[in-house]
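S.K.: My structure is below; once you've seen it, I'll send some questions.
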Amino acid sequence: MYLVAVTILSGFGAFALLWALGANDVANAVGTTVGSKALSPRMAVILAGLFEFLGSSFLGTRVSGTITKSIVDYRKFPSDEQFTLGMFAVLVTATIWIVIGTWFGLPISSTHTVLGGVTGVGILGTSIYEINWTSLNRIFLSWI
C-alpha cells in the first residue's frame, strides 16, 4: 500500500522538480544573456522556453536513460521497495536543494545534484562496488 502512496507522491514530486529545474536552468541561461544586453528579457525568456522544451523533448530520454540505467543497476538493490524509496529520496532532496539554491541565487547545477543523489543512493542501497564508475567518469569528463 505504501508503494502506491510513494508513487502518487512521486508524481507530485516530479512536477515540483520540473518546476525547480526550469526556474534554475532558465535563470542561469537568461541572466547572463539579459545582463550582457545581448537579448531583451522578453526575447530571452521566449528563446529559453523554446530551447528548454526542444532539449527535453528530443534529448531528455537519453539523459534520463543514462542516469537510470548507467550509474547503478536497480536489480542490485535488495528489494524494489528500497530502490523506489531511494529514488523518491533523490527526487525530494534534489527539489529542495535546487529550490533553495535558486532562491538564494547560488550557481548550482541540477545535473550534479541529481547525479550525486543517485550515486549516493546507489552506494547506500548496494555498495560502492556496484556503481558504474566508468559511466560516471564519462559524464564527469563531458563537463570539462
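Going through the C-alpha cells in order, the chains are called A, B, and so on, while each chain numbers its residues from 1 and the ligands are numbered from 1 in the order shown.
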If we count only C-alpha atoms, what is near range 90-94 of chain A at a cut-off of 10 Å, once residues fewer than 3 positions away on the same chain are taken out, given as a count of residues only?
M.R.: 28
S.K.: Tell me which of A:Thr134, A:Ser127, A:Thr33, A:Thr7 sits closest to Lys76 in chain A, counting only C-alpha atoms.
M.R.: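 Answer, going by the shortest atom-to-atom distance: A:Ser127.
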S.K.: Could you pull out the residues in chain A that DSSP calls alpha helix (DSSP H) from the backbone, as a ChimeraX atom specification?
M.R.: /A:2-35,41-70,80-103,110-125,133-142
S.K.: Okay, now the selection with C-alpha atoms, as a short mmCIF file (atom, residue, chain, number, x, y, z; two decimals), in the first residue's frame?
M.R.:
data_model
loop_
_atom_site.label_atom_id
_atom_site.label_comp_id
_atom_site.auth_asym_id
_atom_site.auth_seq_id
_atom_site.Cartn_x
_atom_site.Cartn_y
_atom_site.Cartn_z
CA TYR A 2 2.78 2.42 0.84
CA LEU A 3 4.29 1.94 -2.64
CA VAL A 4 1.05 3.30 -4.11
CA ALA A 5 1.37 6.35 -1.85
CA VAL A 6 5.04 6.79 -2.81
CA THR A 7 4.12 6.51 -6.47
CA ILE A 8 1.41 9.16 -6.16
CA LEU A 9 3.71 11.42 -4.15
CA SER A 10 6.43 10.87 -6.75
CA GLY A 11 4.10 12.22 -9.43
CA PHE A 12 3.65 15.45 -7.46
CA GLY A 13 7.36 15.46 -6.65
CA ALA A 14 8.22 15.14 -10.33
CA PHE A 15 6.17 18.24 -11.15
CA ALA A 16 7.87 20.10 -8.28
CA LEU A 17 11.30 19.04 -9.54
CA LEU A 18 10.45 20.07 -13.09
CA TRP A 19 9.37 23.48 -11.83
CA ALA A 20 12.60 23.82 -9.81
CA LEU A 21 14.72 22.71 -12.76
CA GLY A 22 13.02 25.19 -15.05
CA ALA A 23 13.43 28.03 -12.56
CA ASN A 24 17.11 27.23 -12.06
CA ASP A 25 18.10 26.43 -15.64
CA VAL A 26 16.24 29.28 -17.27
CA ALA A 27 17.57 31.73 -14.69
CA ASN A 28 21.12 30.58 -15.40
CA ALA A 29 20.72 30.95 -19.15
CA VAL A 30 18.64 34.12 -19.20
CA GLY A 31 20.56 36.01 -16.52
CA THR A 32 23.80 36.33 -18.46
CA THR A 33 22.08 36.93 -21.78
CA VAL A 34 19.92 39.75 -20.46
CA GLY A 35 22.69 41.10 -18.22
CA PRO A 41 14.24 39.99 -21.27
CA ARG A 42 11.16 39.06 -23.30
CA MET A 43 13.14 37.52 -26.18
CA ALA A 44 15.49 35.71 -23.78
CA VAL A 45 12.56 34.10 -21.94
CA ILE A 46 10.86 33.11 -25.20
CA LEU A 47 14.04 31.53 -26.59
CA ALA A 48 14.85 29.85 -23.27
CA GLY A 49 11.39 28.31 -23.09
CA LEU A 50 11.59 27.13 -26.69
CA PHE A 51 15.01 25.53 -26.35
CA GLU A 52 14.30 24.04 -22.91
CA PHE A 53 11.24 22.38 -24.45
CA LEU A 54 13.12 21.17 -27.53
CA GLY A 55 16.07 19.88 -25.49
CA SER A 56 13.92 17.97 -23.05
CA SER A 57 11.69 16.62 -25.81
CA PHE A 58 14.44 15.34 -28.09
CA LEU A 59 17.34 14.66 -25.74
CA GLY A 60 15.63 14.10 -22.38
CA THR A 61 15.19 10.37 -22.80
CA ARG A 62 18.92 9.87 -23.42
CA VAL A 63 19.84 11.85 -20.33
CA SER A 64 17.30 10.13 -18.08
CA GLY A 65 18.25 6.75 -19.58
CA THR A 66 21.89 7.33 -18.69
CA ILE A 67 21.01 8.34 -15.14
CA THR A 68 18.57 5.47 -14.52
CA LYS A 69 20.50 2.66 -16.22
CA SER A 70 24.18 3.54 -16.34
CA ASP A 80 12.20 -2.98 -5.25
CA GLU A 81 10.89 -1.08 -2.23
CA GLN A 82 14.38 0.03 -1.22
CA PHE A 83 15.14 1.20 -4.76
CA THR A 84 11.81 3.04 -5.01
CA LEU A 85 12.27 4.80 -1.68
CA GLY A 86 15.86 5.69 -2.57
CA MET A 87 14.83 7.30 -5.85
CA PHE A 88 11.99 9.08 -4.06
CA ALA A 89 14.58 10.48 -1.65
CA VAL A 90 16.64 11.72 -4.61
CA LEU A 91 13.55 13.38 -6.06
CA VAL A 92 12.63 15.16 -2.83
CA THR A 93 16.11 16.23 -1.80
CA ALA A 94 17.06 17.41 -5.30
CA THR A 95 13.89 19.50 -5.45
CA ILE A 96 14.55 21.07 -2.06
CA TRP A 97 18.22 21.80 -2.81
CA ILE A 98 17.51 23.29 -6.25
CA VAL A 99 14.71 25.49 -4.88
CA ILE A 100 16.96 26.73 -2.04
CA GLY A 101 19.89 27.31 -4.38
CA THR A 102 17.74 29.15 -6.91
CA TRP A 103 16.03 31.22 -4.20
CA SER A 110 20.78 20.42 -11.27
CA THR A 111 22.65 17.69 -13.12
CA HIS A 112 25.32 17.47 -10.41
CA THR A 113 22.57 17.43 -7.79
CA VAL A 114 20.66 14.52 -9.31
CA LEU A 115 23.77 12.50 -10.22
CA GLY A 116 25.15 12.95 -6.72
CA GLY A 117 21.86 11.82 -5.23
CA VAL A 118 21.57 8.75 -7.45
CA THR A 119 25.20 7.81 -6.77
CA GLY A 120 24.70 8.23 -3.02
CA VAL A 121 21.55 6.12 -3.00
CA GLY A 122 23.33 3.52 -5.12
CA ILE A 123 26.23 3.32 -2.68
CA LEU A 124 23.97 3.14 0.36
CA GLY A 125 21.49 0.72 -1.22
CA TRP A 133 32.44 4.40 -12.22
CA THR A 134 33.35 4.20 -15.91
CA SER A 135 29.97 5.67 -16.84
CA LEU A 136 30.28 8.35 -14.16
CA ASN A 137 33.80 9.23 -15.36
CA ARG A 138 32.46 9.68 -18.90
CA ILE A 139 29.81 12.04 -17.54
CA PHE A 140 32.36 13.95 -15.46
CA LEU A 141 34.69 14.32 -18.45
CA SER A 142 31.82 15.68 -20.57
#
S.K.: Have a look at CA of Ala38 in chain A and CA of Leu106 in chain A and let me know their distance in Å, one decimal.
M.R.: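 That distance, rounded to one decimal, is 22.5 Å.
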S.K.: Please compute the CA of Trp143 in chain A-CA of Val72 in chain A distance, one decimal, in Å.
M.R.: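 So the answer is 19.9 Å.
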S.K.: Please, what distance in Å, to one decimal, runs between CA of Glu130 in chain A and CA of Asp73 in chain A?
M.R.: 7.6 Å
